[in-house]
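Chemist: My questions will all concern the structure given below.
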Amino acid sequence: MRTNDEPLPKNIFFHLAAAIFLLLCGGGEKGDELPPPPPPEEESKVVDIRKWSGKGRSYPRIIQELKNGFPEAHRIGLERVKMVDDRLVGVFFIESENRTLRYRDVAYELRLKDEIPSSKDIEDLSELLSVSKGVDTKVPEVSFFVDEYQQVYLKNKGSYRKIPSTEAERRFQLFEARSWISENCGLARNELRLKNSIQEGDKFTFLFEDEKGVSDHEIVMDEKGRVQKYGKTKEDALASRNGAVPDLTELPFTHGIEIELQVVKEDWKWVEADQMAIVFKEILNRSRKKISVLRNEVSGEIQKKWMGTVEIKKDDKGYEAVHVDYSVKDEIASYSVLGKDSHVTFKTNILEIQTPPCEYLEELEWWIYNLYRIAHEVVRDLNIDADLIPVGTNPIEDYSEGLSFGEHHHLGIKDEELRKEIYNTFRYLIPHFIAISSNSPFLNGKCPEPAFNDLGNLVITDPSYSMRLEKNVEQFRVPPHLPASKEVGKGYLERELGRKKESLRMIDIYPFTRFDTIEVRIFDTQVTTLDRISLALLLQAVALSVQERFKREKEHRPPPLSYETLKKNRDHSIKDGLLGRIYIGEGGLKSYKGLDKNIPNYLYEDWQRILKVLFPYFMKMGVESTVYLKNVLLRVFRLKEPPIGIEPPISPSQLLVYRCGMDTEPKMEVLLNELRRTALKVAEDMKYDLWSRYTDLDEIELSDFEVYP
């Protein structure tokens, strides 16, 4: 596990490194060409970063100090910049023989964006960013700055210049990968067709197919465009992660997710509805083009299922959206994947992305990540100074009716009787699902107020853990229990709720969609792709357990909780999250028939019991050791060697507050910067997680938890 004293993972802001890459990709000295990748034991040794104390200095002064200290170096330059504790940090490299040294200079200045005049991107940074041996380049006095949104600038003779951003890096990596394969495998560059690409942290993996059909080429590049791994095979190695059925994790039920996202300006105010109405067409056009590129690059199972072209057409609500034709269980249908949410308010418009129904875990992850990444890129590229933020409420704005942000999960279940039984079980777990996913403890400029209780738990004393659900009382209602009778269906809900048509769906869980799915609507919009997949697996495991029990017993249960009991526990989960007290109700233990006799006091304690019961089903799904499950377990189970300074339970709300240092001194500015920064990290790294500052999910074993499974 990584400790807090070790360097943080590579920052998502590759701005300076990207600029270096663009300059170098056009060529260089013969000695700079990449040789074939050496065996692992011969790879260049990388020495740990040495920290300089003191204040930040100009770029040429640092380079000169390094040249004086390492006269034998072949090349010296700036590798990247990143943020550490709200400071800009420069990481420099010194290449010498068979090793690379890295040095870190800290404490560059932080400037407010309105203090930095807008200007065009620098076109040539070669003299500023690297110095080769034997070249005595006079570099102008240059200082680095970063604004509150982590956009990096250079200051040269009083003029500020913004550094080109991250889209350039991927283009460079792709260019370098294709060039390396071309040079080392005797192929023309135009003979290599990109089949797939994946970015994970600071690594880029590309899969090419040569047009002759001889073989596939898988190549892994590091952040500086150096080859880390190369493989030549007839098998579609990378695509198997997103395609070849034997290597995919099949889900018990098809799964689709709708994600509502907010578009906010730099000051976190809404982009007004009239402006959004104008730019939305541009959002659709740009997104369609990017998704079309995705269509041409994808391979494996997704390529087989993705039919036809990417089009903009009206969805079933009459709004224009980006559509794809997609095959699910051998049935082809048109699905909206990006568009305007149908619940339009007078203040702004909600941007919604929707995955097609997915049969595999990796397929669902791929769609979630890429749709979010594209939406985020498109919004940031618009000339309206706006960002796309994945969180349940706007921390600055007042609450407006219908204007909050959630995620709706659809599980496809053809058998209506089974669907009703799963619905009844989901209904019982409504408070539990809310508590473990709450992600909106802020509204109207009010900072969450954290405190430590007597047990060492960080609690949010005010406001609620999910302000989205506390305020949104019209769109969400506790759904009724569905009796066992086969005659009970959609008409029964209409009579019980006094609603019809679209308003009928405005309940926590709806089991009668036209696609034969259960729609779970209670989750706040989650911050990361990993969080979304974790919740999807929880729903899948619960549904699988009900399916197996229903096949075996052929009877409906559990018995219905009364509306009052369920409503009380729902309110507790909204207000207090996983530390919400469980209310038994007048029926006492009768309401909990089939559960343990020892009723837990808190929702997180009940989650501990539930997760142990579900463990065999996680194993059947093949996800028991994945980061997705460990992401959930960390919220309710204690590790034997805790890597974080607070005790479970830890909901996303609490973790966000803790990451901002708000356990000691709440600061709305810190929270806003953290949310914006995290939104960008998630767009650049499919595997990014909120625990990354404290532990590595990949390194945690199930045996590291005190009492699980």
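Just remember, in the structure tokens the first chain shown is A, the second B, etc., residues are 1-based per chain, and ligands are 1-based in the order shown.
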Considering only C-alpha atoms, return as a list in words whatever protein or nucleic-acid residues lie within 6 Å of Val391 of chain A, sequence-local ones (same chain, fewer than 2 positions apart) excluded.

Modeler: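 What passes the distance filter is Thr393, Thr525, Gln526 and Val527 of chain A.
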
Chemist: Any chance you could export the current selection's C-alpha atoms as a PDB file, in the first residue's frame?

Modeler:
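Ended up saving to result.pdb:
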```
ATOM      1  CA  THR A 393     -26.139  18.827  -6.188  1.00  0.00           C
ATOM      2  CA  THR A 525     -24.606  11.005  -9.399  1.00  0.00           C
ATOM      3  CA  GLN A 526     -21.332   9.338  -8.479  1.00  0.00           C
ATOM      4  CA  VAL A 527     -17.918  10.933  -8.901  1.00  0.00           C
TER       5      VAL A 527
END
```

Chemist: Restricting the calculation to only C-alpha atoms, which member of A:Pro431, A:Gly645, A:Gly186, A:Gly491 is positioned closest to Leu566 of chain A?

Modeler: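 Of A:Pro431, A:Gly645, A:Gly186, A:Gly491, the one nearest Leu566 of chain A is A:Pro431, counting only C-alpha atoms.
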
Chemist: May I ask for the distance between atom CA of Ser534 of chain A and atom CA of Tyr628 of chain A, given in Å to one decimal place?

Modeler: 4.7 Å

Chemist: Just give me the gap between atom CA of Glu282 of chain A and atom CA of Leu382 of chain A in Å, one decimal is fine.

Modeler: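 Going from atom CA of Glu282 of chain A over to atom CA of Leu382 of chain A, I get 8.4 Å.
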
Chemist: Between atom CA of His408 of chain A and atom CA of Ile350 of chain A, measure the distance and give it in Å to one decimal.

Modeler: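 A separation of 14.2 Å between them.
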
Chemist: If you count only C-alpha atoms, which residues fall within 9 Å of Val542 of chain A, apart from same-chain ones fewer than 4 positions away, as a ChimeraX atom specification?

Modeler: /A:422,425-426,537-538,546-547,614,617

Chemist: The selected residues should be written to file as an mmCIF file, in the first residue's frame (atoms: N, CA and C atoms).

Modeler:
```
data_model
loop_
_atom_site.group_PDB
_atom_site.id
_atom_site.type_symbol
_atom_site.label_atom_id
_atom_site.label_comp_id
_atom_site.auth_asym_id
_atom_site.auth_seq_id
_atom_site.Cartn_x
_atom_site.Cartn_y
_atom_site.Cartn_z
ATOM 1 N N ILE A 422 -37.623 -9.234 -7.268
ATOM 2 C CA ILE A 422 -36.388 -8.463 -7.111
ATOM 3 C C ILE A 422 -36.716 -7.030 -6.715
ATOM 4 N N THR A 425 -37.362 -6.802 -3.033
ATOM 5 C CA THR A 425 -36.128 -6.873 -2.246
ATOM 6 C C THR A 425 -35.357 -5.559 -2.339
ATOM 7 N N PHE A 426 -35.262 -5.003 -3.550
ATOM 8 C CA PHE A 426 -34.631 -3.687 -3.700
ATOM 9 C C PHE A 426 -35.359 -2.653 -2.832
ATOM 10 N N LEU A 537 -22.623 -3.682 -9.434
ATOM 11 C CA LEU A 537 -22.361 -5.043 -8.959
ATOM 12 C C LEU A 537 -23.153 -5.368 -7.699
ATOM 13 N N LEU A 538 -23.370 -4.380 -6.841
ATOM 14 C CA LEU A 538 -24.227 -4.614 -5.676
ATOM 15 C C LEU A 538 -25.639 -4.997 -6.122
ATOM 16 N N VAL A 546 -31.737 -13.241 -5.256
ATOM 17 C CA VAL A 546 -33.200 -13.384 -5.291
ATOM 18 C C VAL A 546 -33.605 -14.387 -6.375
ATOM 19 N N GLN A 547 -32.954 -14.305 -7.528
ATOM 20 C CA GLN A 547 -33.286 -15.225 -8.617
ATOM 21 C C GLN A 547 -33.058 -16.676 -8.212
ATOM 22 N N LEU A 614 -23.909 -11.963 0.633
ATOM 23 C CA LEU A 614 -23.775 -11.859 -0.819
ATOM 24 C C LEU A 614 -22.452 -12.406 -1.345
ATOM 25 N N TYR A 617 -22.349 -14.984 -4.065
ATOM 26 C CA TYR A 617 -22.857 -14.507 -5.350
ATOM 27 C C TYR A 617 -21.829 -13.627 -6.054
#
```
